[in-house]
file entry.cif (mmCIF, C-alpha atoms and all ligand atoms)
data_query
loop_
_atom_site.label_atom_id
_atom_site.label_comp_id
_atom_site.auth_asym_id
_atom_site.auth_seq_id
_atom_site.Cartn_x
_atom_site.Cartn_y
_atom_site.Cartn_z
CA MET A 1 98.38 55.84 99.69
CA SER A 2 96.84 54.60 96.43
CA PRO A 3 95.74 57.16 93.83
CA GLN A 4 92.11 56.11 94.50
CA GLN A 5 92.47 56.66 98.25
CA ALA A 6 94.06 60.04 97.64
CA GLU A 7 91.26 61.01 95.26
CA ARG A 8 88.58 60.03 97.83
CA LEU A 9 90.36 62.00 100.54
CA LEU A 10 90.56 65.10 98.38
CA GLU A 11 86.93 64.78 97.33
CA PHE A 12 85.65 64.65 100.90
CA ASP A 13 88.03 67.44 101.88
CA ARG A 14 86.77 69.67 99.08
CA GLU A 15 83.11 69.20 99.99
CA HIS A 16 83.26 69.09 103.79
CA VAL A 17 86.48 70.35 105.35
CA TRP A 18 86.97 74.08 105.64
CA HIS A 19 90.49 75.43 105.02
CA PRO A 20 91.97 78.76 106.16
CA TYR A 21 90.59 81.86 104.43
CA ALA A 22 88.71 79.67 101.94
CA PRO A 23 85.18 79.27 100.66
CA MET A 24 83.15 76.09 101.18
CA PRO A 25 83.11 74.05 99.05
CA ALA A 26 86.72 74.88 98.19
CA THR A 27 87.70 76.42 94.89
CA ASP A 28 91.51 76.16 95.12
CA PRO A 29 93.29 72.80 95.17
CA VAL A 30 94.94 71.45 98.35
CA GLN A 31 97.82 68.94 98.47
CA PRO A 32 97.52 65.71 100.48
CA VAL A 33 100.54 65.40 102.85
CA VAL A 34 101.14 61.98 104.38
CA SER A 35 104.38 62.63 106.28
CA ALA A 36 107.10 65.18 106.81
CA ALA A 37 110.72 64.93 107.94
CA GLY A 38 113.46 67.54 108.13
CA THR A 39 112.70 70.14 105.48
CA ARG A 40 110.64 67.79 103.28
CA LEU A 41 106.90 67.27 102.97
CA THR A 42 105.88 63.94 101.42
CA LEU A 43 102.68 63.93 99.36
CA ALA A 44 100.27 61.04 98.84
CA ASP A 45 101.85 60.13 95.51
CA GLY A 46 105.26 59.79 97.16
CA SER A 47 106.68 63.02 95.77
CA GLU A 48 108.56 65.40 98.07
CA LEU A 49 108.44 69.16 98.42
CA ILE A 50 111.06 71.40 100.06
CA ASP A 51 109.21 73.32 102.76
CA GLY A 52 109.52 77.09 102.34
CA MET A 53 106.85 78.01 104.90
CA SER A 54 107.84 76.34 108.18
CA SER A 55 104.08 75.69 108.46
CA TRP A 56 103.36 79.38 108.97
CA TRP A 57 106.54 80.39 110.84
CA SER A 58 106.36 77.54 113.34
CA ALA A 59 108.41 74.48 112.27
CA ILE A 60 111.81 76.13 112.73
CA HIS A 61 113.66 72.85 113.38
CA GLY A 62 112.02 71.01 110.47
CA TYR A 63 109.60 68.11 110.88
CA ASN A 64 109.75 64.86 112.80
CA HIS A 65 112.73 65.94 114.87
CA PRO A 66 114.05 63.14 117.10
CA LYS A 67 114.57 65.42 120.13
CA LEU A 68 111.11 66.95 119.89
CA ASN A 69 109.51 63.56 119.23
CA ALA A 70 111.25 62.27 122.35
CA ALA A 71 109.96 65.18 124.44
CA VAL A 72 106.36 64.51 123.37
CA THR A 73 106.69 60.76 123.89
CA ALA A 74 108.22 61.14 127.34
CA GLN A 75 105.44 63.49 128.43
CA LEU A 76 102.77 61.29 126.84
CA GLY A 77 103.89 58.46 129.10
CA LYS A 78 103.20 60.67 132.13
CA MET A 79 100.04 62.57 131.16
CA ALA A 80 98.72 64.11 127.96
CA HIS A 81 96.67 66.72 129.72
CA VAL A 82 95.44 67.91 133.07
CA MET A 83 93.42 71.01 133.92
CA PHE A 84 95.40 74.08 135.00
CA GLY A 85 92.81 75.43 137.41
CA GLY A 86 94.12 74.53 140.85
CA LEU A 87 96.78 72.21 139.43
CA THR A 88 100.24 72.77 138.01
CA HIS A 89 102.88 70.52 136.47
CA PRO A 90 106.61 70.38 135.67
CA PRO A 91 106.55 71.12 131.91
CA ALA A 92 104.48 74.30 132.39
CA VAL A 93 106.78 75.60 135.11
CA ARG A 94 109.90 74.60 133.18
CA LEU A 95 108.67 76.47 130.10
CA ALA A 96 107.62 79.53 132.10
CA GLU A 97 111.14 79.66 133.64
CA LYS A 98 112.66 79.62 130.16
CA LEU A 99 110.32 82.34 128.87
CA VAL A 100 111.00 84.60 131.85
CA GLU A 101 114.72 84.06 131.32
CA LEU A 102 114.68 84.66 127.55
CA THR A 103 112.30 87.61 127.29
CA PRO A 104 113.37 91.15 128.28
CA ALA A 105 114.00 91.37 132.04
CA PRO A 106 110.86 93.29 133.15
CA LEU A 107 108.60 90.53 131.73
CA THR A 108 108.24 88.09 134.61
CA LYS A 109 104.63 86.82 134.57
CA VAL A 110 103.42 84.20 132.09
CA PHE A 111 99.86 83.44 130.99
CA PHE A 112 99.61 80.34 128.75
CA THR A 113 97.01 80.14 126.00
CA ASP A 114 96.17 77.66 123.30
CA SER A 115 96.77 79.85 120.22
CA GLY A 116 98.33 83.10 119.14
CA SER A 117 94.94 84.71 118.59
CA VAL A 118 93.98 83.98 122.18
CA ALA A 119 97.34 85.26 123.44
CA VAL A 120 96.52 88.61 121.81
CA GLU A 121 93.01 88.54 123.30
CA VAL A 122 94.61 88.06 126.71
CA ALA A 123 97.07 90.89 126.06
CA ILE A 124 94.21 93.24 125.15
CA LYS A 125 92.26 92.08 128.19
CA MET A 126 95.29 92.72 130.41
CA ALA A 127 95.72 96.22 129.00
CA LEU A 128 92.05 97.12 129.49
CA GLN A 129 91.83 95.53 132.93
CA TYR A 130 94.97 97.39 134.01
CA TRP A 131 93.05 100.65 133.56
CA ARG A 132 89.73 99.34 134.89
CA SER A 133 91.53 98.26 138.04
CA GLN A 134 92.59 101.87 138.54
CA GLY A 135 89.06 103.20 138.09
CA ARG A 136 89.80 104.41 134.54
CA PRO A 137 87.46 102.33 132.32
CA GLU A 138 87.38 105.13 129.73
CA ARG A 139 90.93 104.12 128.79
CA HIS A 140 89.78 101.19 126.66
CA ARG A 141 91.13 101.89 123.17
CA LEU A 142 94.42 100.88 121.62
CA LEU A 143 96.69 102.81 119.30
CA THR A 144 98.05 100.71 116.47
CA VAL A 145 99.36 101.07 112.91
CA ARG A 146 97.78 100.01 109.65
CA GLY A 147 99.17 96.91 107.95
CA GLY A 148 99.20 94.85 111.15
CA TYR A 149 97.95 91.34 111.81
CA HIS A 150 97.16 90.08 115.31
CA GLY A 151 94.84 87.10 114.85
CA ASP A 152 91.34 86.27 113.71
CA THR A 153 89.11 86.52 116.79
CA PHE A 154 86.93 89.61 117.19
CA GLY A 155 89.12 91.40 119.72
CA ASP A 156 92.17 90.79 117.53
CA MET A 157 90.46 91.63 114.25
CA ALA A 158 89.74 95.09 115.62
CA VAL A 159 93.50 95.82 115.74
CA CYS A 160 94.31 94.15 112.40
CA ASP A 161 94.69 96.28 109.27
CA PRO A 162 91.19 97.59 108.56
CA VAL A 163 91.40 96.72 104.85
CA ASN A 164 93.12 93.30 105.00
CA GLY A 165 91.07 92.47 108.09
CA MET A 166 87.90 93.39 106.22
CA HIS A 167 86.65 95.65 108.99
CA HIS A 168 83.83 96.82 106.74
CA LEU A 169 82.23 93.35 107.05
CA PHE A 170 82.04 93.70 110.82
CA SER A 171 82.20 97.43 111.36
CA ASP A 172 79.09 97.37 113.57
CA VAL A 173 80.56 94.84 116.02
CA LEU A 174 84.31 95.55 116.11
CA ALA A 175 85.86 97.68 118.84
CA ARG A 176 87.00 101.01 117.43
CA HIS A 177 90.69 101.54 117.96
CA VAL A 178 92.98 104.35 116.83
CA PHE A 179 94.95 103.67 113.64
CA ALA A 180 98.09 105.46 112.54
CA PRO A 181 99.22 105.00 108.94
CA ARG A 182 101.57 102.11 108.41
CA PRO A 183 105.22 102.86 109.13
CA PRO A 184 106.72 104.23 105.91
CA GLY A 185 109.90 102.99 104.25
CA GLY A 186 111.86 99.85 104.96
CA TYR A 187 114.05 98.43 107.71
CA LEU A 188 117.11 100.48 106.79
CA ASP A 189 115.37 103.75 105.96
CA GLU A 190 115.80 106.86 108.06
CA PRO A 191 112.70 107.52 110.15
CA ASP A 192 110.28 109.97 108.61
CA GLU A 193 109.89 113.02 110.87
CA GLU A 194 106.37 113.74 109.67
CA TYR A 195 105.32 110.21 110.47
CA LEU A 196 106.82 110.44 113.96
CA ALA A 197 104.95 113.69 114.48
CA GLU A 198 101.71 112.01 113.35
CA LEU A 199 102.21 109.19 115.88
CA LYS A 200 102.78 111.73 118.63
CA ARG A 201 99.78 113.77 117.58
CA LEU A 202 97.44 110.75 117.55
CA ALA A 203 98.63 109.60 120.97
CA ALA A 204 98.22 113.09 122.46
CA GLU A 205 94.79 113.58 120.90
CA HIS A 206 93.47 110.25 122.25
CA SER A 207 95.56 109.81 125.38
CA GLY A 208 92.58 110.12 127.72
CA GLU A 209 90.89 107.10 126.12
CA LEU A 210 93.94 104.98 125.27
CA ALA A 211 94.92 101.92 127.32
CA GLY A 212 97.99 101.07 125.29
CA ILE A 213 99.75 100.65 121.98
CA ILE A 214 99.87 97.33 120.13
CA VAL A 215 102.17 96.51 117.21
CA GLU A 216 104.24 93.73 115.71
CA PRO A 217 107.88 94.74 116.27
CA VAL A 218 109.85 95.60 113.09
CA VAL A 219 108.15 92.99 110.87
CA GLN A 220 104.49 93.18 109.94
CA GLY A 221 103.71 89.58 109.02
CA ALA A 222 100.37 88.38 107.66
CA GLY A 223 99.25 92.00 107.19
CA GLY A 224 101.73 92.48 104.34
CA MET A 225 105.21 91.12 105.15
CA ARG A 226 106.70 94.57 105.56
CA PHE A 227 109.78 95.53 107.56
CA TYR A 228 110.01 98.91 109.25
CA ALA A 229 112.79 100.94 110.87
CA PRO A 230 113.48 100.00 114.53
CA GLU A 231 113.48 103.75 115.25
CA TYR A 232 109.67 103.73 115.00
CA LEU A 233 109.47 101.12 117.74
CA ARG A 234 111.69 103.26 119.96
CA ALA A 235 109.40 106.21 119.25
CA LEU A 236 106.34 104.16 120.24
CA ARG A 237 108.02 103.24 123.54
CA GLU A 238 108.70 106.93 124.23
CA ILE A 239 105.13 107.87 123.32
CA ALA A 240 103.79 105.12 125.58
CA ASP A 241 105.91 106.39 128.47
CA GLU A 242 104.88 109.97 127.90
CA HIS A 243 101.17 109.15 128.20
CA GLY A 244 101.41 106.24 130.65
CA LEU A 245 100.29 103.75 127.99
CA LEU A 246 101.14 100.06 128.04
CA LEU A 247 103.26 98.93 125.09
CA VAL A 248 102.02 95.55 123.84
CA LEU A 249 104.36 93.78 121.40
CA ASP A 250 102.99 90.90 119.38
CA GLU A 251 106.08 88.70 118.85
CA ILE A 252 104.05 85.70 117.68
CA ALA A 253 105.60 85.75 114.19
CA THR A 254 108.87 87.54 114.98
CA GLY A 255 109.96 85.63 118.10
CA PHE A 256 112.62 82.92 118.39
CA GLY A 257 115.12 84.36 115.93
CA ARG A 258 113.07 84.69 112.75
CA THR A 259 114.05 88.31 112.07
CA GLY A 260 117.76 87.78 112.78
CA GLU A 261 117.50 88.85 116.44
CA PHE A 262 116.01 86.59 119.10
CA TRP A 263 113.03 88.95 119.53
CA GLY A 264 111.81 91.58 117.12
CA CYS A 265 112.11 94.17 119.89
CA ASP A 266 115.86 93.40 120.18
CA HIS A 267 116.36 95.33 116.91
CA ALA A 268 115.33 98.48 118.78
CA GLU A 269 116.43 97.55 122.30
CA VAL A 270 112.89 98.27 123.35
CA VAL A 271 111.16 96.51 126.23
CA PRO A 272 107.38 96.05 126.17
CA ASP A 273 104.98 95.93 129.13
CA ILE A 274 103.09 93.02 127.60
CA MET A 275 104.39 90.55 125.01
CA CYS A 276 102.75 87.73 123.05
CA VAL A 277 104.65 84.66 121.84
CA GLY A 278 103.39 81.69 119.82
CA LYS A 279 103.96 80.09 116.41
CA ALA A 280 107.60 78.81 116.71
CA LEU A 281 107.18 78.36 120.48
CA THR A 282 106.61 74.59 120.14
CA GLY A 283 108.83 74.20 117.08
CA GLY A 284 105.64 73.68 115.10
CA TYR A 285 104.55 70.59 117.05
CA MET A 286 101.43 71.77 118.81
CA THR A 287 99.33 74.81 119.30
CA LEU A 288 100.52 76.88 122.25
CA ALA A 289 101.08 80.56 122.95
CA ALA A 290 101.77 82.78 125.92
CA THR A 291 101.26 86.36 127.04
CA LEU A 292 103.91 87.78 129.35
CA CYS A 293 103.65 90.95 131.40
CA THR A 294 105.56 92.98 133.97
CA ASP A 295 105.22 92.75 137.75
CA GLU A 296 103.46 96.09 137.68
CA VAL A 297 100.76 95.07 135.18
CA ALA A 298 100.11 91.87 137.14
CA ARG A 299 100.02 93.73 140.46
CA VAL A 300 97.53 96.35 139.29
CA ILE A 301 95.21 93.75 137.72
CA SER A 302 95.36 91.54 140.81
CA THR A 303 94.65 94.33 143.30
CA GLY A 304 91.82 95.98 141.33
CA GLU A 305 88.10 95.37 141.65
CA ALA A 306 88.11 91.97 139.90
CA GLN A 307 91.39 90.88 141.58
CA VAL A 308 91.82 88.18 138.92
CA LEU A 309 92.53 88.01 135.22
CA MET A 310 89.24 86.71 133.87
CA HIS A 311 90.57 84.15 131.41
CA GLY A 312 91.24 80.40 131.57
CA PRO A 313 91.20 78.15 128.51
CA THR A 314 90.34 74.46 129.00
CA PHE A 315 93.67 73.38 127.55
CA MET A 316 95.72 76.09 129.27
CA ALA A 317 99.40 75.06 129.59
CA ASN A 318 98.74 71.65 128.03
CA PRO A 319 101.53 69.33 129.27
CA LEU A 320 102.39 67.88 125.84
CA ALA A 321 102.60 71.35 124.30
CA THR A 322 104.58 72.92 127.14
CA ALA A 323 106.95 69.93 127.23
CA VAL A 324 107.71 70.13 123.52
CA ALA A 325 108.04 73.93 123.72
CA ALA A 326 110.65 73.62 126.46
CA ALA A 327 112.51 71.05 124.33
CA SER A 328 112.25 73.26 121.25
CA ILE A 329 113.80 76.20 123.09
CA ASP A 330 116.65 73.98 124.37
CA LEU A 331 117.21 72.73 120.83
CA LEU A 332 117.23 76.26 119.42
CA LEU A 333 119.74 77.47 122.01
CA SER A 334 121.92 74.39 121.52
CA ARG A 335 122.50 75.33 117.87
CA ASP A 336 123.94 78.46 116.33
CA TRP A 337 120.49 79.71 115.29
CA HIS A 338 121.94 83.14 114.58
CA ALA A 339 124.30 81.71 111.95
CA GLU A 340 121.47 79.62 110.50
CA VAL A 341 119.22 82.66 110.09
CA ASP A 342 122.16 84.69 108.68
CA THR A 343 122.66 81.95 106.07
CA ILE A 344 118.98 82.09 105.11
CA GLU A 345 119.26 85.87 104.80
CA ALA A 346 122.41 85.67 102.65
CA VAL A 347 121.14 82.96 100.30
CA LEU A 348 117.70 84.54 99.86
CA THR A 349 119.23 88.00 99.33
CA ALA A 350 121.47 86.66 96.56
CA GLY A 351 118.81 84.38 95.07
CA LEU A 352 115.92 86.86 94.96
CA GLU A 353 117.76 90.02 93.93
CA GLY A 354 117.34 89.28 90.20
CA ALA A 355 113.55 89.30 90.57
CA ARG A 356 113.66 93.04 91.26
CA GLU A 357 114.10 93.71 87.52
CA LEU A 358 111.06 91.67 86.46
CA PRO A 359 108.10 93.60 85.06
CA GLY A 360 105.52 92.04 87.42
CA VAL A 361 107.57 92.74 90.55
CA ALA A 362 107.13 95.83 92.74
CA ASP A 363 109.66 95.02 95.46
CA VAL A 364 112.04 92.37 96.80
CA ARG A 365 112.99 92.35 100.47
CA VAL A 366 114.77 90.03 102.86
CA LEU A 367 115.24 90.30 106.62
CA GLY A 368 116.62 87.47 108.72
CA GLY A 369 114.79 84.27 107.77
CA ILE A 370 112.10 86.04 105.72
CA GLY A 371 112.23 86.56 101.95
CA VAL A 372 109.53 88.41 100.01
CA ILE A 373 108.79 89.12 96.37
CA GLU A 374 105.99 91.65 96.20
CA ALA A 375 104.11 91.61 92.88
CA ARG A 376 102.45 94.63 91.32
CA GLU A 377 99.07 92.86 91.23
CA PRO A 378 97.42 90.24 93.44
CA VAL A 379 98.81 86.84 92.46
CA ASP A 380 96.83 83.78 91.36
CA VAL A 381 97.65 81.51 94.31
CA ALA A 382 96.95 78.23 92.51
CA ALA A 383 98.99 79.28 89.46
CA VAL A 384 101.99 80.35 91.57
CA GLN A 385 101.79 77.14 93.59
CA GLU A 386 101.82 75.11 90.39
CA VAL A 387 105.04 76.83 89.30
CA VAL A 388 106.83 76.44 92.64
CA MET A 389 105.74 72.81 93.01
CA GLU A 390 107.20 72.10 89.56
CA HIS A 391 110.44 73.31 91.19
CA GLY A 392 109.86 70.91 94.08
CA VAL A 393 109.04 73.64 96.61
CA TRP A 394 106.09 74.34 98.92
CA LEU A 395 104.99 77.97 99.29
CA ARG A 396 101.67 79.60 100.08
CA PRO A 397 101.44 83.09 98.55
CA PHE A 398 98.78 85.60 99.55
CA GLY A 399 97.65 88.92 98.15
CA ARG A 400 100.54 90.36 96.12
CA LEU A 401 103.14 88.37 98.04
CA ILE A 402 105.27 85.39 97.11
CA TYR A 403 107.27 84.83 100.26
CA THR A 404 109.21 82.30 102.30
CA MET A 405 110.26 81.75 105.88
CA PRO A 406 112.08 78.43 105.68
CA PRO A 407 113.00 76.17 108.61
CA TYR A 408 116.29 77.26 110.23
CA VAL A 409 117.77 73.82 109.46
CA SER A 410 117.37 74.34 105.68
CA THR A 411 120.56 73.61 103.76
CA GLU A 412 121.99 76.15 101.33
CA ASP A 413 120.82 73.83 98.59
CA ASP A 414 117.24 73.87 99.96
CA LEU A 415 117.37 77.65 100.16
CA GLU A 416 118.66 78.01 96.60
CA HIS A 417 115.81 75.80 95.38
CA ILE A 418 113.31 77.97 97.23
CA ALA A 419 114.79 81.19 95.80
CA ASP A 420 114.82 79.68 92.26
CA ALA A 421 111.18 78.62 92.62
CA MET A 422 110.20 82.11 93.80
CA TYR A 423 112.07 83.69 90.91
CA ALA A 424 110.33 81.34 88.44
CA ALA A 425 106.97 82.22 89.98
CA ALA A 426 107.76 85.93 89.63
CA VAL A 427 108.70 85.40 85.96
CA SER A 428 105.43 83.54 85.41
CA LEU A 429 103.37 86.49 86.68
CA THR A 430 103.60 88.35 83.39
CA GLU A 431 103.51 85.30 81.07
CA ASP A 432 100.28 84.16 79.48
C1 LIG B 501 99.78 84.15 113.47
C2 LIG B 501 99.73 85.37 114.28
C3 LIG B 501 98.75 85.54 115.28
C4 LIG B 501 97.67 84.53 115.54
O1 LIG B 501 98.16 83.30 115.96
P1 LIG B 501 97.28 81.96 115.77
O2 LIG B 501 98.07 80.92 116.49
O3 LIG B 501 97.17 81.75 114.30
O4 LIG B 501 95.96 82.23 116.41
C5 LIG B 501 98.79 86.71 116.01
N1 LIG B 501 99.73 87.65 115.80
C6 LIG B 501 100.68 87.51 114.86
C7 LIG B 501 101.72 88.58 114.69
C8 LIG B 501 100.70 86.38 114.05
O5 LIG B 501 101.63 86.26 113.09
#

call {"tool": "encode", "arguments": {"input": "entry.cif", "output": "structure tokens", "more": "lines below"}}
Ligand SMILES: *Cc1c(COP(=O)(O)O)cnc(C)c1O
result
Amino acid sequence: MSPQQAERLLEFDREHVWHPYAPMPATDPVQPVVSAAGTRLTLADGSELIDGMSSWWSAIHGYNHPKLNAAVTAQLGKMAHVMFGGLTHPPAVRLAEKLVELTPAPLTKVFFTDSGSVAVEVAIKMALQYWRSQGRPERHRLLTVRGGYHGDTFGDMAVCDPVNGMHHLFSDVLARHVFAPRPPGGYLDEPDEEYLAELKRLAAEHSGELAGIIVEPVVQGAGGMRFYAPEYLRALREIADEHGLLLVLDEIATGFGRTGEFWGCDHAEVVPDIMCVGKALTGGYMTLAATLCTDEVARVISTGEAQVLMHGPTFMANPLATAVAAASIDLLLSRDWHAEVDTIEAVLTAGLEGARELPGVADVRVLGGIGVIEAREPVDVAAVQEVVMEHGVWLRPFGRLIYTMPPYVSTEDDLEHIADAMYAAAVSLTED
């Protein structure tokens, strides 16, 4: 692409194309990407960046993967799409078989959606309908913890962190759920007895109006990139059982090995009643998500007054997306993903540790394929991006966080570059 073409593209983009969490027209710069392969993004001027984001947790195998390309191409030759109402097709059934096999045993029913946000909407709808079907419509609230992120639609926003999710903007239209404080401490910390007591107290106080509990297991992603002790997840399962609540786990960010276990809930050996998957499901190729539930949840919903789950996206179980998702899972299981994620954890742990001593840094933490430098103050996104791009790396910080979740196929050299770039960005925080 010529410099003039690139300039025209960026100009139109700035004035007309809305980007995530951005004003219009845009104030921050965006980079024009023309292709991507493996762990590299190629920009319009021909320069390459090492990808440290996996395109928001999704591109775990890197870009332009021959096996995934082949899966899309093969399906494209058969059909790109067909409605799912009254029809079914091999890639959807193949993928559902894999998800039933890979998720904890009680999860046997699969509802496909077109994005993670919608998967959470469906999970909430399932939980509420489960109680409505039993003549208990007053059980329509969810217990959750602060610091969570579950998507951007209105149902989801109501269970996101009230501050990050800007509940005050929409307080008159959002459903009012029950919020516990965010789980204190880190992954390895002993559980705090007072906090456990607070969880129990909240559940007991509201049990008559609660349908379920919803959390991200062990890692809170876009709400703050925090890791909490698996013991808290076990406690939430016990609390759910005590009050007959459904435990909904949002594994959209944590699923498919990112945290060092295949599912986030594997850290705690906890089994949910409803589980959402997305993001890495298609290896970053296409938008697809799914909500799984137990036989019991499905049975109650399907024998209640409505007798159906009232949801059905136009592009439900899209054949291209389900075909590439099935191929992505095969590819993941064909490699030693566990060793790959362990390598990411080891290299990031070693490479980021030094940042802990820097004056602008509040915390450094690494779990599985996730590395975080938390600054003391909100970071200037454009300034940090300039520093990391000078180091040949692509990152997208937010709030006080400079973080990475690289593709699993990253080499040690890629990972060292990413860690060096993050360190340099952390140094730059307190330079003028
Ligand atoms: C990204 C994310 C979502 C929303 O998924 P989209 O595909 O962006 O709609 C929901 N929950 C969690 C935990 C996520 O990380």

call {"tool": "closest_residue", "arguments": {"input": "entry.cif", "among": "A:Ala175, A:Ile373, A:Val387, A:Val120", "to": "ligand LIG 501 (chain B)", "atoms": "all atoms listed in the file"}}
result
A:Val120

call {"tool": "residues_near_ligand", "arguments": {"input": "entry.cif", "ligand": "ligand LIG 501 (chain B)", "cutoff": "9 Å", "atoms": "all atoms listed in the file", "output": "PyMOL selection string"}}
result
chain A and resi 56-57+114-120+148-153+156+215-217+219-223+249-254+276-279+287-289

call {"tool": "residues_around", "arguments": {"input": "entry.cif", "residues": "Ala268 of chain A", "least_positions_apart": "5", "cutoff": "7 Å", "atoms": "only C-alpha atoms", "output": "list in words"}}
result
Pro230, Glu231, Leu233 and Arg234 of chain A

call {"tool": "closest_residue", "arguments": {"input": "entry.cif", "among": "A:Ile50, A:Ala44, A:Ala158, A:Leu142", "to": "Pro406 of chain A", "atoms": "only C-alpha atoms"}}
result
A:Ile50

call {"tool": "residues_around", "arguments": {"input": "entry.cif", "residues": "Val381 of chain A", "least_positions_apart": "6", "cutoff": "10 Å", "atoms": "all atoms listed in the file", "output": "number ranges by chain"}}
result
A: 28-29, 395-402

call {"tool": "residues_around", "arguments": {"input": "entry.cif", "residues": "Val347 of chain A", "least_positions_apart": "5", "cutoff": "7 Å", "atoms": "all atoms listed in the file", "output": "PyMOL selection string"}}
result
chain A and resi 412+415-416

call {"tool": "atom_distance", "arguments": {"input": "entry.cif", "atom1": "atom CA of Lys125 of chain A", "atom2": "atom CA of Cys160 of chain A"}}
result
16.1 Å

call {"tool": "closest_residue", "arguments": {"input": "entry.cif", "among": "A:Leu246, A:Ala327, A:Met275, A:Leu429", "to": "Gln129 of chain A", "atoms": "all atoms listed in the file"}}
result
A:Leu246

call {"tool": "atom_distance", "arguments": {"input": "entry.cif", "atom1": "atom CA of Leu292 of chain A", "atom2": "atom CA of Val145 of chain A"}}
result
21.6 Å

call {"tool": "atom_distance", "arguments": {"input": "entry.cif", "atom1": "atom CA of Asn318 of chain A", "atom2": "atom CA of Leu41 of chain A"}}
result
26.7 Å

call {"tool": "residues_around", "arguments": {"input": "entry.cif", "residues": "Leu76 of chain A", "least_positions_apart": "3", "cutoff": "12 Å", "atoms": "only C-alpha atoms", "output": "number ranges by chain"}}
result
A: 69-73, 79-82, 91, 318-324

call {"tool": "decode", "arguments": {"input": "entry.cif", "residues": "segment 111-123 of chain A", "atoms": "N, CA, C and O atoms", "output": "PDB file, in the first residue's frame"}}
result
ATOM      1  N   PHE A 111     -25.697 -24.202  23.281  1.00  0.00           N
ATOM      2  CA  PHE A 111     -26.431 -23.168  22.549  1.00  0.00           C
ATOM      3  C   PHE A 111     -25.405 -22.256  21.879  1.00  0.00           C
ATOM      4  O   PHE A 111     -24.631 -21.571  22.554  1.00  0.00           O
ATOM      5  N   PHE A 112     -25.373 -22.240  20.532  1.00  0.00           N
ATOM      6  CA  PHE A 112     -24.392 -21.418  19.816  1.00  0.00           C
ATOM      7  C   PHE A 112     -24.887 -19.986  19.654  1.00  0.00           C
ATOM      8  O   PHE A 112     -26.063 -19.762  19.349  1.00  0.00           O
ATOM      9  N   THR A 113     -23.959 -19.048  19.832  1.00  0.00           N
ATOM     10  CA  THR A 113     -24.279 -17.637  19.603  1.00  0.00           C
ATOM     11  C   THR A 113     -23.180 -17.012  18.758  1.00  0.00           C
ATOM     12  O   THR A 113     -22.149 -17.647  18.495  1.00  0.00           O
ATOM     13  N   ASP A 114     -23.410 -15.771  18.372  1.00  0.00           N
ATOM     14  CA  ASP A 114     -22.467 -15.139  17.445  1.00  0.00           C
ATOM     15  C   ASP A 114     -21.421 -14.258  18.125  1.00  0.00           C
ATOM     16  O   ASP A 114     -20.547 -13.730  17.452  1.00  0.00           O
ATOM     17  N   SER A 115     -21.507 -14.070  19.441  1.00  0.00           N
ATOM     18  CA  SER A 115     -20.425 -13.346  20.128  1.00  0.00           C
ATOM     19  C   SER A 115     -20.460 -13.701  21.605  1.00  0.00           C
ATOM     20  O   SER A 115     -21.460 -14.238  22.110  1.00  0.00           O
ATOM     21  N   GLY A 116     -19.384 -13.365  22.285  1.00  0.00           N
ATOM     22  CA  GLY A 116     -19.320 -13.636  23.718  1.00  0.00           C
ATOM     23  C   GLY A 116     -20.405 -12.898  24.489  1.00  0.00           C
ATOM     24  O   GLY A 116     -21.028 -13.454  25.394  1.00  0.00           O
ATOM     25  N   SER A 117     -20.623 -11.644  24.113  1.00  0.00           N
ATOM     26  CA  SER A 117     -21.649 -10.860  24.816  1.00  0.00           C
ATOM     27  C   SER A 117     -23.005 -11.559  24.735  1.00  0.00           C
ATOM     28  O   SER A 117     -23.749 -11.598  25.718  1.00  0.00           O
ATOM     29  N   VAL A 118     -23.315 -12.089  23.574  1.00  0.00           N
ATOM     30  CA  VAL A 118     -24.613 -12.755  23.417  1.00  0.00           C
ATOM     31  C   VAL A 118     -24.620 -14.088  24.172  1.00  0.00           C
ATOM     32  O   VAL A 118     -25.643 -14.484  24.739  1.00  0.00           O
ATOM     33  N   ALA A 119     -23.486 -14.754  24.241  1.00  0.00           N
ATOM     34  CA  ALA A 119     -23.414 -16.000  25.026  1.00  0.00           C
ATOM     35  C   ALA A 119     -23.752 -15.724  26.491  1.00  0.00           C
ATOM     36  O   ALA A 119     -24.430 -16.528  27.145  1.00  0.00           O
ATOM     37  N   VAL A 120     -23.290 -14.586  27.013  1.00  0.00           N
ATOM     38  CA  VAL A 120     -23.607 -14.239  28.402  1.00  0.00           C
ATOM     39  C   VAL A 120     -25.084 -13.861  28.524  1.00  0.00           C
ATOM     40  O   VAL A 120     -25.752 -14.232  29.503  1.00  0.00           O
ATOM     41  N   GLU A 121     -25.607 -13.130  27.545  1.00  0.00           N
ATOM     42  CA  GLU A 121     -27.052 -12.835  27.546  1.00  0.00           C
ATOM     43  C   GLU A 121     -27.854 -14.138  27.645  1.00  0.00           C
ATOM     44  O   GLU A 121     -28.824 -14.237  28.396  1.00  0.00           O
ATOM     45  N   VAL A 122     -27.453 -15.115  26.849  1.00  0.00           N
ATOM     46  CA  VAL A 122     -28.171 -16.396  26.834  1.00  0.00           C
ATOM     47  C   VAL A 122     -28.023 -17.090  28.187  1.00  0.00           C
ATOM     48  O   VAL A 122     -28.988 -17.662  28.706  1.00  0.00           O
ATOM     49  N   ALA A 123     -26.837 -17.016  28.780  1.00  0.00           N
ATOM     50  CA  ALA A 123     -26.628 -17.632  30.094  1.00  0.00           C
ATOM     51  C   ALA A 123     -27.551 -16.993  31.133  1.00  0.00           C
ATOM     52  O   ALA A 123     -28.165 -17.698  31.943  1.00  0.00           O
TER      53      ALA A 123
END
